[in-house]
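Enquirer: The following block contains the structure, expressed as structure tokens.
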There are 2 protein chains.
Amino acid sequence: MSARRLDACVVDTRNSPNVRLRPVPPAHVSLRDAFWAPRREANGRRTLRTQLSHLESTGALDNFRRLGEGLDRPFKGMYFADSDVYKWLEAVGWHLADHPDDSELRGQAHRVIELVAAAQRADGYLNTYFAKERADERWTDFDLHEMYCAGHLFQGAVAYHRTTGDERILEVATRFADHICDTFGPGPDQRVAVDGHEEVELGLVELYRTTGQRRYLDQAVFFIEARGRGLLGAPYGHREPEYSQDHAPFRDMDAVVGHAVRALYYTAGVADVCAEIDEPDYRAALERQWHNMTERRMYVSGGVGSRYEGEAFGVDYELPHARAYTETCAAIGSVMWNSRMLALDGEARFADLLEWTLFNAVLPGLSLDGEHYFYQNPLADDGQHRRQAWFGVACCPPNIARTLAALPGYLYGVADGEVWVHLYAASGLRTTLPDGTEVELEQATRYPWDETVTFTLRRSATFALMLRVPQWCTEATLRVNGEVQDVTITSGSYLRVAREWSDGDEVRLELPMPVRYLTAHRRVSEAVGRAAIARGPILYCVEAADHADVDPRDLVLPSDPAAFVAGSSDLPGELPALRAPATVLHADRGPLYRSADEEPNVARSPATLTAIPYFAWANRAPGPMQVWVQRDVPVGRGRSVAGGDA
Amino acid sequence: MSARRLDACVVDTRNSPNVRLRPVPPAHVSLRDAFWAPRREANGRRTLRTQLSHLESTGALDNFRRLGEGLDRPFKGMYFADSDVYKWLEAVGWHLADHPDDSELRGQAHRVIELVAAAQRADGYLNTYFAKERADERWTDFDLHEMYCAGHLFQGAVAYHRTTGDERILEVATRFADHICDTFGPGPDQRVAVDGHEEVELGLVELYRTTGQRRYLDQAVFFIEARGRGLLGAPYGHREPEYSQDHAPFRDMDAVVGHAVRALYYTAGVADVCAEIDEPDYRAALERQWHNMTERRMYVSGGVGSRYEGEAFGVDYELPHARAYTETCAAIGSVMWNSRMLALDGEARFADLLEWTLFNAVLPGLSLDGEHYFYQNPLADDGQHRRQAWFGVACCPPNIARTLAALPGYLYGVADGEVWVHLYAASGLRTTLPDGTEVELEQATRYPWDETVTFTLRRSATFALMLRVPQWCTEATLRVNGEVQDVTITSGSYLRVAREWSDGDEVRLELPMPVRYLTAHRRVSEAVGRAAIARGPILYCVEAADHADVDPRDLVLPSDPAAFVAGSSDLPGELPALRAPATVLHADRGPLYRSADEEPNVARSPATLTAIPYFAWANRAPGPMQVWVQRDVPVGRGRSVAGGDA
């Protein structure tokens with residue numbers, strides 16, 4: 001068994017030359033809030049264990065045993081089944097950062113590592129699909145995820161090595177990485193190729209950070225530079241090059257296009273490279289793509305991927321609600337990307353989106369019982385879409401698990417003389433700043449439900465607290481030791497609170513959370529006449545389970561969001577609900593199309609509208625759900641046919 | 001060369017026991033209107049000729065030569081490439097009904113028939129994909145369209161035989177049909193199977209009608225009854241059984257589901273069966289599906305197919321505009337189905353939809369030059385979607401060609417003592433009613449642009465003129481020999497005008513066509529706050545080419561559709577445009593989402609809105625287009641932020 005490593009960092013940019021912020025090792029953070037901590041406990045106690053049993057029952061582990069142990073049976077599952085094993089291993093790695101005594105999972109991970117190591121070929125190659133009957137087909141079809149799996153191996157190995165010191169899995173990873181570096185490159189005996197699914201890039205950068213082997217970083221740059229030159233041809237049943245971001249070099253890209261998970265693992269990998277080398281073209285392309293995504297191609301949940309076809313981004317403003325694809329993995333890709341952008345720049349917009357996406361696009365992918373998953377996360381549904389225990393393509397479940405396990409690493413950042421608070425959650429922080437300053441503090445809050453966050457200093461030191469004031473918060477106030485501070489507080493920025501702190505000093509941030517309505521740019525055609533309900537960092541939805549005898553799609557929002565009152569719900573985990581008096585437009589039994597002259601006056605009746613956090617939908621009886629609630633019936637012939645509050 | 005057959009009928013229900021209306025042979029109709037006749041001329045003069053050259057250059061004809069002439073080259077194209085040849089042959093068949101002297105096309109068809117006949121196997125089997133290297137794979141995978149191709153062979157053979165008397169192609173068809181009847185069935189030496197793509201059913205019924213061989217009708221029923229029992233398994237990459245309507249027996253189906261072309265070729269085939277045998281369950285299921293389609297799953301254009309994924313119907317009210325799939329072939333399937341329902345029942349709703357679909361869902365599939373095609377027909381576009389000269393999957397082009405060629409067969413229907421006018425178009429009719437009455441009349445009109453239709457009797461006879469009053473027409477008037485008739489005229493019905501007619505009698509129907517706005521059921525989320533412009537049977541759209549410096553998506557409809565004035569356009573063929581003073585909402589450069597409190601007052605300016613017939617879009621410079629035009633900005637916080645005409 002390996003020792004606990006207290007300095008393990010999730011994305012280890014501690015020595016990266018180009019970052020504004022340094023990471024805080026998860027082991028320096030004790031997360032004990034009422035929101036995330038129970039979910040992380042369930043993740044360790046149940047999720048990671050049931051996922052291992054799924055990996056066993058679906059044959060993903062047996063695929064390794066075929067090679068190492070000579071198990072005589074066919075390969076099972078998708079050709080990228082290995083990656084699910086690696087993501088699980090990564091999750092266990094981060095889990096062990098703050099659960100070092102979980103010997104059961106540690107033992108299971110150890111056995112998995114044995115299987116993985118035993119399956120590696122003598123030349124370092126490792127992929128259980130391209131083995132035995134398909135051994136001759138290695139590196140013949142770059143749409144079959146060999147490098148994608150390699151990237152996940154690298155991430156898993158790095159995580160497990162960083163938290164436990166395990167050398168075995170790191171050696172497996174470096175041997176495979178060396179094989180890849182030897183095989184692909186610009187040299188005379190090398191091949192020029194790129195994988196259909198990005199992932200190896202960020203895996204290589206992280207492997208570089210852990211091993212110090214520069215060739216891994218160079219290899220990541222090689223793969224980025226080789227992309228966009230049509231090497232992939234027409235992947236996957238004649239899809240367009242955009243599907244795999246192979247239509248243009250990264251430095252020329254202006255928009256997020258194609259398969260959303262691919263696109264965002266790619267941007268995350270390029271951002272990782274930018275932390276290590278100066279590449280202004282990459283930085284500029286990352287910025288352009290970030291703006292394109294957030295201003296044209298992102299759901300109000302933070303989720304992305306507008307098309308089932310190709311699991312892909314759509315064109316600008318193409319954001320259908322019920323047919324939103326919004327794969328959980330794409331949201332995780334966005335979190336990965338934004339966390340890297342945040343480290344690069346320290347700009348609050350990245351942290352804002354990271355938080356919003358975690359709450360409203362990643363978390364919906366997981367049931368409240370922690371054992372059922374969404375692959376797609378629609379923003380409206382007729383009640384058919386339900387979470388599953390597992391999938392044939394099982395990318396999302398272990399992806400959520402590794403994200404939850406790594407979460408303490410996302411809360412804080414540090415710099416010389418600065419402690420940056422990215423996410424608000426009851427927690428303790430005990431770390432050392434890059435300049436050597438020892439910091440110890442407590443964060444107390446019931447965020448995201450409550451607007452007060454209190455920091456108590458537990459050690460005297462001089463540094464600045466950098467407190468994120470979310471974009472949605474327009475009336476924040478700051479108190480230090482009870483005194484309101486006369487400072488300009490700007491939404492969507494970090495508030496700098498610099499001081500020679502004494503043990504016991506208290507900083508209190510109030511982030512008022514009135515219920516608000518979000519509206520969409522009018523080119524988002526399905527959102528016309530509708531608004532989404534939000535409070536603080538939480539997006540809400542209306543669901544049938546709260547509305548006996550009323551289809552929630554018939555509800556009309558009250559004109560003033562202040563009409564909402566927070567209360568309890570019957571959801572597990574004491575989740576709150578918002579309630580307001582509202583109107584029901586009675587079901588229109590009329591034809592699909594009619595002359596505008598013939599529009600009926602729709603009957604109305606009063607009702608109570610109950611909104612629940614969107615992430616908690618589909619945890620009760622099936623029924624219609626929607627995020628975008630109608631504000632009023634459309635105007636007809638220049639006159640409003642609406643009564644009531646119009 | 002074969003003789004001209006004047007009695008050829010497109011769907012030959014002249015002897016069918018269960019129909020309300022009998023067909024009129026196209027040769028009895030001389031279509032000479034300004035709308036369809038030039039399109040049909042172009043179809044014969046250019047389209048059918050260029051299509052033959054595409055069939056040649058893409059290898060579809062060579063696929064036959066591989067067998068008959070032993071041409072040594074691989075099969076080319078899709079595995080159902082044969083069907084394109086058969087559809088072309090069908091189109092030539094109907095073309096020859098009123099162009100009997102087109103010896104060039106007749107000669108080309110003759111050579112194609114030679115190729116087809118020579119490729120038939122000794123046992124009657126005929127499919128060029130399952131030949132040579134794949135000869136052993138016949139009937140092993142029912143998703144590979146062997147029966148689909150057979151059905152198109154039957155339709156093509158029947159058409160060509162009916163109009164020319166050619167026996168050769170009919171013999172090829174019957175030999176293959178016999179092979180299918182021998183192979184598949186309930187007998188001890190037969191197999192129970194159904195094809196993944198419906199089409200053989202209606203082909204078999206038509207073959208029965210032409211040959212009198214009852215076994216073909218029985219075989220169609222067998223295939224319908226065998227379907228919906230899961231025989232297909234999971235076709236095409238693990239699609240759901242709904243994709244191929246294999247989820248339930250037809251008699252139990254309530255909704256149109258799955259691949260839209262499949263679904264509608266299926267309903268057309270079942271309707272064909274219903275003309276021949278009493279099957280109340282089929283009739284009831286057809287009705288339920290028709291209502292489901294027209295009340296829940298159809299675009300305002302009449303097009304169907306809401307999803308790119310699976311080229312499929314969506315769920316109720318799932319009707320995205322820009323991502324509408326609305327395959328041209330699906331619209332044609334709807335025309336086929338509705339024409340059969342019309343024959344069964346004589347209800348105007350079927351003729352209304354047939355006409356609307358022809359103008360607004362089939363015709364957009366063809367460029368105004370007659371040589372470029374849409375596969376998908378979106379209802380909004382950013383300017384990227386353009387017609388192509390041909391497709392890898394080339395189902396749509398010959399499908400449009402055969403529809404245009406057969407059009408004269410859709411104009412009229414007859415019954416004892418009745419002449420039914422389904423479509424208004426300048427034409428002559430000279431036919432014999434089932435009861436032996438000789439009828440001769442002229443129809444004069446500039447429909448669909450003009451509201452007057454005048455019938456002049458050219459022979460004395462006693463019968464009823466049954467004139468369709470479209471659903472959209474609420475103020476129709478009737479004159480006989482100049483005198484207004486005091487009759488109740490009901491929209492969406494046939495107006496019966498019975499009389500002992502004298503040569504020279506004149507019947508004038510006025511069908512006022514004020515510009516009107518269509519609105520959608522409020523569950524159609526993309527249509528909220530929008531309306532579509534229509535005049536008479538024509539759906540309009542707004543396109544960039546008519547709006548210099550204004551993105552048509554920024555236009556707001558005038559509140560009153562009476563503001564529109566008809567005028568000329570710069571489109572070929574003297575197509576009209578509608579113009580009205582309107583408002584431009586200036587481009588919103590704001591964020592994708594914002595708090596409803598922060599909604600800006602959008603700047604407005606006046607503009608002229610020009611609407612053109614939707615079928616004519618994308619015939620000029622590329623640019624945005626939309627059918628559903630915004631009516632006004634949505635209300636905000638209970639107050640309208642709109643100025644102007646609200």
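Just so we're on the same page: first chain in the structure tokens is A, next is B, and so on; residues restart at 1 for each chain, and ligands are numbered from 1 in the order they show up.
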Going by DSSP on the backbone, which residues of range 167-298 of chain A come out as helix (DSSP H, G or I)? List them as a ChimeraX atom specification.

Expert: /A:168-183,200-211,214-226,235-238,241-244,250-252,260-276,280-296

Enquirer: Within range 378-575 of chain B, find each residue whose DSSP state, derived from the backbone, is strand (DSSP E or B), and express the selection as a VMD selection string.

Expert: chain B and resid 380 to 381 388 412 to 415 418 to 421 427 to 432 438 to 445 452 to 457 461 to 469 477 to 480 483 to 484 493 to 501 506 to 510 516 to 520 530 to 535 538 to 543 555 to 556 565 to 568

Enquirer: Give me, as an MDAnalysis selection string, the residues of chain A touching chain B, with the criterion being at most 6 Å (counting only C-alpha atoms).

Expert: chainID A and resid 295 309 517:521 525:526 529 559 591:596 634 637:638 646

Enquirer: Within 6 Å of range 171-179 of chain B, counting only C-alpha atoms, which residues show up once you throw out same-chain ones fewer than 5 positions away? Write them as a PyMOL selection string, please.

Expert: chain B and resi 124-125+154

Enquirer: Generate a file of the selected residues that holds N, CA and C atoms, formatted as a PDB file, in the first residue's frame.

Expert:
ATOM      1  N   GLY B 124     -36.452 -15.319 -60.754  1.00  0.00           N
ATOM      2  CA  GLY B 124     -37.285 -14.126 -60.627  1.00  0.00           C
ATOM      3  C   GLY B 124     -36.705 -13.060 -59.717  1.00  0.00           C
ATOM      4  N   TYR B 125     -35.754 -13.425 -58.876  1.00  0.00           N
ATOM      5  CA  TYR B 125     -35.156 -12.464 -57.954  1.00  0.00           C
ATOM      6  C   TYR B 125     -34.461 -11.354 -58.732  1.00  0.00           C
ATOM      7  N   PHE B 154     -42.256  -2.579 -58.901  1.00  0.00           N
ATOM      8  CA  PHE B 154     -43.657  -2.833 -59.234  1.00  0.00           C
ATOM      9  C   PHE B 154     -44.350  -1.529 -59.642  1.00  0.00           C
TER      10      PHE B 154
END

Enquirer: With a distance cut-off of 12 Å and only C-alpha atoms, select the neighbouring residues of Cys541 in chain A, excluding the residue or stretch itself and same-chain residues fewer than 2 positions from it, and output the selection as an MDAnalysis selection string.

Expert: chainID A and resid 300:301 360 364 378:381 517 531:535 538:539 543:546 552:553 555 557 577:579 609:618 624:630

Enquirer: Suppose we keep N, CA and C atoms; can you now write the selection as a short mmCIF file (atom, residue, chain, number, x, y, z; two decimals), in the first residue's frame?

Expert:
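Below is the file that was written, part.cif:
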data_model
loop_
_atom_site.label_atom_id
_atom_site.label_comp_id
_atom_site.auth_asym_id
_atom_site.auth_seq_id
_atom_site.Cartn_x
_atom_site.Cartn_y
_atom_site.Cartn_z
N VAL A 300 -29.06 27.47 -20.91
CA VAL A 300 -29.15 28.28 -19.70
C VAL A 300 -28.65 27.50 -18.48
N SER A 301 -28.60 26.19 -18.60
CA SER A 301 -28.07 25.34 -17.53
C SER A 301 -26.55 25.33 -17.49
N ASN A 360 -25.81 23.02 -12.30
CA ASN A 360 -26.98 22.98 -13.20
C ASN A 360 -26.81 22.15 -14.46
N PRO A 364 -27.30 17.47 -12.59
CA PRO A 364 -28.51 16.79 -13.06
C PRO A 364 -28.21 15.39 -13.61
N PRO A 378 -32.03 17.02 -21.00
CA PRO A 378 -32.93 17.95 -21.68
C PRO A 378 -33.44 19.03 -20.73
N LEU A 379 -33.84 20.15 -21.31
CA LEU A 379 -34.38 21.26 -20.50
C LEU A 379 -35.90 21.27 -20.48
N ALA A 380 -36.48 20.31 -21.17
CA ALA A 380 -37.92 20.10 -21.11
C ALA A 380 -38.12 18.63 -21.43
N ASP A 381 -39.15 18.06 -20.86
CA ASP A 381 -39.36 16.63 -21.11
C ASP A 381 -40.82 16.30 -20.87
N TYR A 517 -35.71 36.02 -12.93
CA TYR A 517 -36.05 35.36 -14.19
C TYR A 517 -34.93 35.59 -15.18
N ALA A 531 -39.37 32.39 -19.65
CA ALA A 531 -38.25 32.74 -18.79
C ALA A 531 -37.90 31.53 -17.95
N ALA A 532 -36.67 31.52 -17.49
CA ALA A 532 -36.22 30.48 -16.57
C ALA A 532 -36.09 31.10 -15.18
N ILE A 533 -36.32 30.28 -14.19
CA ILE A 533 -36.31 30.75 -12.81
C ILE A 533 -34.95 30.41 -12.21
N ALA A 534 -34.35 31.39 -11.53
CA ALA A 534 -33.08 31.12 -10.87
C ALA A 534 -33.06 31.82 -9.52
N ARG A 535 -32.31 31.24 -8.63
CA ARG A 535 -32.04 31.90 -7.35
C ARG A 535 -30.59 31.59 -7.01
N ILE A 538 -28.45 28.62 -8.57
CA ILE A 538 -29.27 27.44 -8.87
C ILE A 538 -30.35 27.78 -9.90
N LEU A 539 -30.40 26.97 -10.92
CA LEU A 539 -31.46 27.04 -11.92
C LEU A 539 -32.61 26.15 -11.46
N GLU A 543 -41.97 20.77 -12.41
CA GLU A 543 -42.09 19.33 -12.68
C GLU A 543 -43.48 18.87 -12.28
N ALA A 544 -43.96 17.86 -12.99
CA ALA A 544 -45.32 17.37 -12.76
C ALA A 544 -45.53 16.91 -11.32
N ALA A 545 -44.49 16.33 -10.72
CA ALA A 545 -44.66 15.74 -9.39
C ALA A 545 -45.15 16.76 -8.37
N ASP A 546 -44.92 18.04 -8.62
CA ASP A 546 -45.37 19.08 -7.69
C ASP A 546 -46.71 19.69 -8.08
N PRO A 552 -47.39 20.96 -15.90
CA PRO A 552 -46.56 22.14 -15.63
C PRO A 552 -46.29 22.97 -16.87
N ARG A 553 -46.48 22.39 -18.04
CA ARG A 553 -46.27 23.16 -19.27
C ARG A 553 -47.37 24.18 -19.50
N LEU A 555 -48.44 26.14 -17.02
CA LEU A 555 -48.29 27.20 -16.02
C LEU A 555 -47.73 28.47 -16.65
N LEU A 557 -45.76 32.01 -15.56
CA LEU A 557 -45.01 32.64 -14.47
C LEU A 557 -45.75 33.87 -13.94
N ALA A 577 -37.84 24.26 -2.27
CA ALA A 577 -38.64 24.57 -3.45
C ALA A 577 -39.00 26.04 -3.39
N LEU A 578 -39.35 26.58 -4.53
CA LEU A 578 -39.85 27.96 -4.60
C LEU A 578 -41.32 27.88 -5.01
N ARG A 579 -42.14 28.66 -4.35
CA ARG A 579 -43.56 28.63 -4.70
C ARG A 579 -44.10 30.04 -4.91
N LEU A 609 -47.54 27.63 -8.44
CA LEU A 609 -46.41 27.14 -9.22
C LEU A 609 -45.29 26.77 -8.24
N THR A 610 -44.83 25.54 -8.33
CA THR A 610 -43.72 25.10 -7.49
C THR A 610 -42.52 24.82 -8.38
N ALA A 611 -41.43 25.48 -8.06
CA ALA A 611 -40.20 25.24 -8.82
C ALA A 611 -39.19 24.54 -7.92
N ILE A 612 -38.52 23.56 -8.50
CA ILE A 612 -37.48 22.84 -7.75
C ILE A 612 -36.14 23.02 -8.47
N PRO A 613 -35.05 22.81 -7.75
CA PRO A 613 -33.76 22.88 -8.44
C PRO A 613 -33.75 21.94 -9.64
N TYR A 614 -33.32 22.47 -10.76
CA TYR A 614 -33.31 21.66 -11.99
C TYR A 614 -32.50 20.37 -11.80
N PHE A 615 -31.42 20.45 -11.05
CA PHE A 615 -30.59 19.25 -10.91
C PHE A 615 -31.34 18.11 -10.24
N ALA A 616 -32.43 18.45 -9.55
CA ALA A 616 -33.15 17.41 -8.80
C ALA A 616 -34.33 16.83 -9.57
N TRP A 617 -34.49 17.22 -10.83
CA TRP A 617 -35.67 16.74 -11.55
C TRP A 617 -35.55 15.23 -11.81
N ALA A 618 -36.70 14.64 -12.08
CA ALA A 618 -36.77 13.21 -12.44
C ALA A 618 -36.28 12.31 -11.30
N PRO A 624 -44.13 15.47 -17.08
CA PRO A 624 -43.51 16.57 -17.80
C PRO A 624 -42.70 17.49 -16.89
N MET A 625 -41.65 18.04 -17.46
CA MET A 625 -40.77 18.99 -16.76
C MET A 625 -40.38 20.05 -17.75
N GLN A 626 -40.24 21.28 -17.27
CA GLN A 626 -39.62 22.26 -18.13
C GLN A 626 -38.90 23.33 -17.33
N VAL A 627 -37.85 23.83 -17.93
CA VAL A 627 -37.06 24.90 -17.34
C VAL A 627 -37.61 26.26 -17.80
N TRP A 628 -37.93 26.34 -19.08
CA TRP A 628 -38.39 27.61 -19.65
C TRP A 628 -39.90 27.67 -19.52
N VAL A 629 -40.38 28.53 -18.64
CA VAL A 629 -41.81 28.60 -18.35
C VAL A 629 -42.40 29.78 -19.12
N GLN A 630 -43.60 29.56 -19.65
CA GLN A 630 -44.20 30.62 -20.45
C GLN A 630 -44.56 31.82 -19.58
#

Enquirer: Find the spatial neighbours of range 28-35 of chain B, counting only C-alpha atoms, within a cut-off of 10 Å - ignore same-chain residues fewer than 5 positions away - and output them as number ranges by chain.

Expert: B: 6-9, 40, 97-98, 407-412, 424-432, 440-449, 573-575

Enquirer: By how many Å are CA of Ala562 in chain B and CA of Pro537 in chain B apart?

Expert: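 Between CA of Ala562 in chain B and CA of Pro537 in chain B the gap is 16.8 Å.
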
Enquirer: For Asp486 in chain A, find every residue with an atom within 12 Å (counting only C-alpha atoms), except residues of its own chain fewer than 4 positions away, and show them as a PyMOL selection string.

Expert: chain A and resi 476-480+497

Enquirer: Go ahead and write the residues just picked, C-alpha atoms, as a tab-separated table (two decimals), in the first residue's frame.

Expert:
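Contents of the output file result_18.tsv:
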chain	number	residue	atom	x	y	z
A	476	ALA	CA	-23.29	42.03	-2.33
A	477	THR	CA	-22.05	43.46	0.94
A	478	LEU	CA	-18.88	42.84	2.87
A	479	ARG	CA	-18.28	42.96	6.60
A	480	VAL	CA	-14.96	42.52	8.35
A	497	VAL	CA	-9.91	41.94	0.89
